[in-house]
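K.L.:
Following this message is one structure expressed as structure tokens.
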Amino acid sequence: MKEVIPMDYNSERIEKKWQDYWYSRDFFKAEDFGEKPKYYALVEFPYPSGTGMHVGHFRAYTSLEVVSRKRRMEGYNVLFPIGFDAFGLPTENYAMQRGVHPRKVTDQNIEIFTEQIKRTGFSFDFSRIVDTTDPDYYKWTQWIFLKMFEHGLAYRDKTKVNFCPDCRVVLSNEESQGGVCDRCGSTVEKKEKDVWFLRITKYAERLLEGLEELETLPRIKTEQENWIGKSEGAEILFPIEGANDKLKVFTTRSDTLFGVTFMVVAPEHPVLDKLEGKITNMDEIRSYRKKAEKKSEMERADETREKEGIRIEGVQALHPFTKARLPIFVADYVMMDYGTGAIMAVPGHDERDHAFAKKYGLGIKEVIAGGDVDKEAYTDVENGTLVNSFFLDGLFVKQAIEKMNERLKKEGLGGAVTSYKMKDWAFNRQRYWGEPIPIVHCEKCGMVGVKEEDLPIRLPDLERFAPNREGESPLANIESFVETTCPSCGGKARRETDTMPQWAGSSWYFLRYIDPGNDSELANYHKLKYWLGVDWYNGGMEHVTRHVIYSRFWHQFLYDIGVVPSREPFKKRTAQGLILGSDGDKMSKSKGNVVDPAEIIDTCGADTLRLYILFIGDYEQATPWNENGLKGCRRFLDKVWRLQEKAHAKKDDKEIETLLHKTIEAVDTDIEETKFNTAIAKLMTFANEAAKSEGITKDTFLTFLKLLNPFAPHIAEELNERLGHREPLVKSSWPEVDERLLEEERITIVFSVNGKVRDKREVQKDIGKDELEKMALENERVKKFIEGKTIVKVVVVPGRLVNVVAK
RNA sequence: GCCUGGGUGGCGGAAUUGGUAGACGCGUUGGACUUAAAAUCCAAUGGUAUGUCACAUACCGUGCCGGUUCGAGUCCGGCCCUAGGUACCA
């Protein structure tokens, strides 16, 4: 190319050109068992909604797109796949409203998404696309479920669900806020239903342990730990007077057992039904139960509200050691699904219990010395020592807990247990657009898993997607689907008609990318061994607890049954923040603040969008969209385009050379630390300096283009070609830093008096401490500010500052 | 309510993790170029006050109140606001 005057930067033409070039030559295809070191970069696959891609998707993908392009330049065999999490409610609702089959809607949406992804120049391996709604895919989702069922990890149990009597559907908490159905406004009922659960609690401890191997922000770990909610405590059995039943409580403070003055059970506690005959105020309790049922868990857990309860008349518990009679209350601040659904109340040393005791005039007993328990609960567990507690007297809390737990065990009254806040995973929906649960109900054999060779259990074609009158899935209406034979005895049987939640397909999709076409196993073991674990997994902040825990659980199970070779699926997890509308609100159609990325590509180009989406702010933080910031990124690329006119110098200035290597170093580390915004800022700084200079060498410009390439690959490739290079950047190598150029000989030292900066001086780097102190004290400006004061001390921090403290 | 983040100029955000607050971008103002505009380039840009007012100086300034330290945006305690999660939204 010998153009003297470069053409204007025509992003549209350039982007089309290079996308065709890359995609037609399969540059981004990952090679199974390739010889280069492997790198698996994973982004959360999208739900292909009808509105096309959201700018949030771009923020989520561009980060690892940059990393993937950088890794290829660094010599890795990169697997950077994409797919679609396409089961789910919105599609089904759309289908119900418009009468279009979800399959058709999904296929259309996937096509739109794929086109948009390609127009952005993302370097995904498109030969590995997975779609969770494809029977070849969900066959394996069902297969995993079957294996869990075989291993006793999938079971049915009764639970209360939100049910809308008008829409005849089970609703999520989100859909039934304030006890009102989201769609029709009628009052939501609680309905008891048989639902499927996955026994994730069995993996609680391992899910906790596995976090040690996960490289991630501490906060992401903490959030998962809190979700699992491990707490070490004890179970204690309290006999019930005049009954054979015992009340089992969970407590983390078994040391305070002698301070118990009453008991509290959850409104749902089965003991209430069992003792129905003895309880004299059952009517009152029943109406309290009804009231509690209407409240959300959040309302019930509200610690600021006044705790209320009902005293159970006619029944009392007995203290396991002293045999003292203890009144029992029903109160909705005790939850049935945490611990045992019953607590022992120690008002002397628990704030909630204290408030409750005051309200109902119950006794308060001091068992830990140090406070005034009549006034407030005394909760110091570090220094408190036990009193009024027989064999525990004089012990510290920690010792007392240990001793009490041993004693409880010895006497058959309970003992140490570990409890988890995490609940088993409700794993079914009464919907059409999900994976059918591969179970058959046989009158003789009960619940039987279908035979593996009969998988997948395909979704039948439907024309109507509304649930039936009982709130069962629409599949229940299809006789040809429901009626089947028992895989075990061959007799008449009915298929399970519930489907799986959307979490199912997304719990293992990253395994399928490794071997997407396999029809004899979910993925080949050797291929899994080559590619796993996922080196870097990025997704939404909103997924760091549930989705990540769920998929780790599935992975651990698959490891246990020998299907996958690694205990943990992910090595590193990051999370991007939300992009808000330019008004600072969450983007939503109703607010009219939605930004359409396709439009941005049309007007500014994909490279500009890619740059801006990362330059917009701190990657982990939510940030508003700003049209002007976008303009700035386009201007930057225009400037880069014009730099080609400068790239004819024979030799670089020393400053440019140093700056280039500083830039290499900074861009490199910033990318690895997800500080994409500052990486781009440093590229801008370099471009500004280069533009101001007399000229830069072609080599320097090439190095700069290589740094820019992961962010804005189209323009970088084009300029690289214009420089006369045959080798495209997609095949080139990542620049290396020349450490020698980074060392500066002269540095700026700050002189301050009482912490306030008063002067600065440039000095040799290796100047001595004493000399620095001398310089500071002789400095005119420093002198001015210490005049009339006595010097108390001088703090010298070599390489940074001298602070003179004077009074 | 509970768990986890965040709060820094007019705006988005930087700050080597206790050591020069405000990098980079936007916006604004002034200037250059132009018949003109756009584009581009150059310069200024946290606030207040004072003076000898194109310059200089001082004080204040990182949500609020308090603390630790020679020194705090950064650490500690309390509070306010805000975002995500809270188990059938994904």
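Lettering and numbering for the structure tokens are positional, with chains as A, B, ... in the shown order, residues counted from 1 in each chain, and ligands counted from 1 in the shown order.
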Do a neighbour search on Lys572 (chain A) at 12 Å with only C-alpha atoms (C1' of nucleotides), toss out local chain neighbours closer than 6 positions, and write the hits as a list in words.
P.N.:
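Here the answer would be Tyr39, Tyr40, Ala41, Leu42, Val43, Leu64, Leu211, Glu212, Glu213, Leu214, Glu215, Thr216, Leu217, Pro218, Ile220, Lys221, Gly533, Val534, Asp535, Trp536, Tyr537, Asn538, Gly539, Val544, Val548, Glu672 and Glu673 of chain A.
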K.L.:
Please, which residues of region 711-794 of chain A, numbered as in this document, come out alpha helix (DSSP H) from DSSP, as a ChimeraX atom specification?
P.N.:
/A:713-722,739-742,769-778,780-786
K.L.:
List as an mmCIF file with C-alpha atoms (C1' of nucleotides), in the first residue's frame the protein and nucleic acid residues near G47 (chain B), meaning an atom at most 10 Å away when only C-alpha atoms (C1' of nucleotides) are counted, but skip any in the same chain fewer than 3 places from it.
P.N.:
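The result, stored in around.cif:
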```
data_model
loop_
_atom_site.group_PDB
_atom_site.id
_atom_site.type_symbol
_atom_site.label_atom_id
_atom_site.label_comp_id
_atom_site.auth_asym_id
_atom_site.auth_seq_id
_atom_site.Cartn_x
_atom_site.Cartn_y
_atom_site.Cartn_z
ATOM 1 C "C1'" G B 9 -14.971 18.006 40.233
ATOM 2 C "C1'" C B 60 -11.194 24.495 52.444
ATOM 3 C "C1'" G B 61 -12.214 19.881 49.777
#
```
K.L.:
What are the nearest atom pairs, with distances in Å to one decimal, for all residues of chain B that come at most 7 Å from chain A, using only C-alpha atoms (C1' of nucleotides), set out by chain and rising residue number as a Markdown table?
P.N.:
```
| residue | atom | partner | partner_atom | distance |
| --- | --- | --- | --- | --- |
| B:G1 | C1' | A:Asp302 | CA | 3.5 |
| B:C3 | C1' | A:Asn226 | CA | 6.5 |
| B:U4 | C1' | A:Glu223 | CA | 5.9 |
| B:G12 | C1' | A:Ile616 | CA | 6.3 |
| B:G13 | C1' | A:Gly617 | CA | 5.7 |
| B:G19 | C1' | A:Arg800 | CA | 6.8 |
| B:U20 | C1' | A:Val750 | CA | 6.5 |
| B:C24 | C1' | A:Ala681 | CA | 4.4 |
| B:G25 | C1' | A:Gly632 | CA | 6.0 |
| B:C26 | C1' | A:Gly629 | CA | 5.5 |
| B:C70 | C1' | A:Val805 | CA | 5.9 |
| B:G71 | C1' | A:Gly755 | CA | 5.0 |
| B:G84 | C1' | A:Glu542 | CA | 5.9 |
| B:G85 | C1' | A:Glu542 | CA | 6.4 |
| B:C88 | C1' | A:Ser172 | CA | 4.2 |
| B:C89 | C1' | A:Glu174 | CA | 6.9 |
```
K.L.:
For G66 (chain B), please output as a list in words all residues within 12 Å (counting only C-alpha atoms (C1' of nucleotides); exclusion window: fewer than 2 positions along the same chain).
P.N.:
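Result of the neighbour search: C64, U68, C76, G77, G78 and C79 of chain B.
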K.L.:
Hey, what does DSSP flag as strand (DSSP E or B) within region 541-686 of chain A? Can you give it to me as a list in words?
P.N.:
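Selecting the strand (DSSP E or B) positions of region 541-686 of chain A gives Phe570, Lys572, Arg573, Thr574, Ala575, Gln576, Ile579, Leu580, Lys586, Thr623 and Pro624 of chain A.
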K.L.:
Could you write out that same residue set with N, CA and C atoms as a compact mmCIF listing (two decimals), in the first residue's frame?
P.N.:
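The result, written out as part38.txt:
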```txt
# COMPACT_ATOMS: atom_id res chain seq x y z
N PHE A 570 -14.43 -24.16 37.88
CA PHE A 570 -13.89 -22.85 37.53
C PHE A 570 -12.64 -22.51 38.34
N LYS A 572 -11.21 -19.28 37.98
CA LYS A 572 -11.27 -17.86 38.29
C LYS A 572 -12.62 -17.31 37.89
N ARG A 573 -13.21 -16.50 38.74
CA ARG A 573 -14.51 -15.93 38.43
C ARG A 573 -14.50 -14.43 38.65
N THR A 574 -14.94 -13.69 37.64
CA THR A 574 -15.09 -12.25 37.80
C THR A 574 -16.54 -11.89 37.47
N ALA A 575 -16.91 -10.69 37.81
CA ALA A 575 -18.29 -10.28 37.57
C ALA A 575 -18.34 -8.81 37.17
N GLN A 576 -19.07 -8.53 36.11
CA GLN A 576 -19.19 -7.15 35.65
C GLN A 576 -20.41 -6.50 36.28
N ILE A 579 -24.98 -2.03 33.43
CA ILE A 579 -24.99 -0.74 32.75
C ILE A 579 -26.38 -0.15 32.87
N LEU A 580 -26.44 1.05 33.41
CA LEU A 580 -27.72 1.70 33.64
C LEU A 580 -28.05 2.60 32.46
N LYS A 586 -32.14 1.77 36.05
CA LYS A 586 -31.98 0.50 35.37
C LYS A 586 -32.63 0.61 33.98
N THR A 623 -22.79 1.39 36.25
CA THR A 623 -22.45 2.72 35.75
C THR A 623 -23.42 3.14 34.65
N PRO A 624 -23.75 4.42 34.59
CA PRO A 624 -24.71 4.85 33.57
C PRO A 624 -24.09 4.99 32.19
```
K.L.:
Would you compute the distance between CA of Arg495 (chain A) and CA of His441 (chain A)? Give it in Å to one decimal.
P.N.:
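Separation between CA of Arg495 (chain A) and CA of His441 (chain A): 6.0 Å.
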K.L.:
At a cut-off of 8 Å, using only C-alpha atoms (C1' of nucleotides), what residues contact Gly341 (chain A)? Leave out same-chain residues fewer than 3 positions from it and give the result as a list in words.
P.N.:
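Final neighbour list, sorted by chain and number: Val249, Phe250, Val265, Ala266, His269, Val334, Met335, Met336, Asp337 and Tyr338 of chain A.
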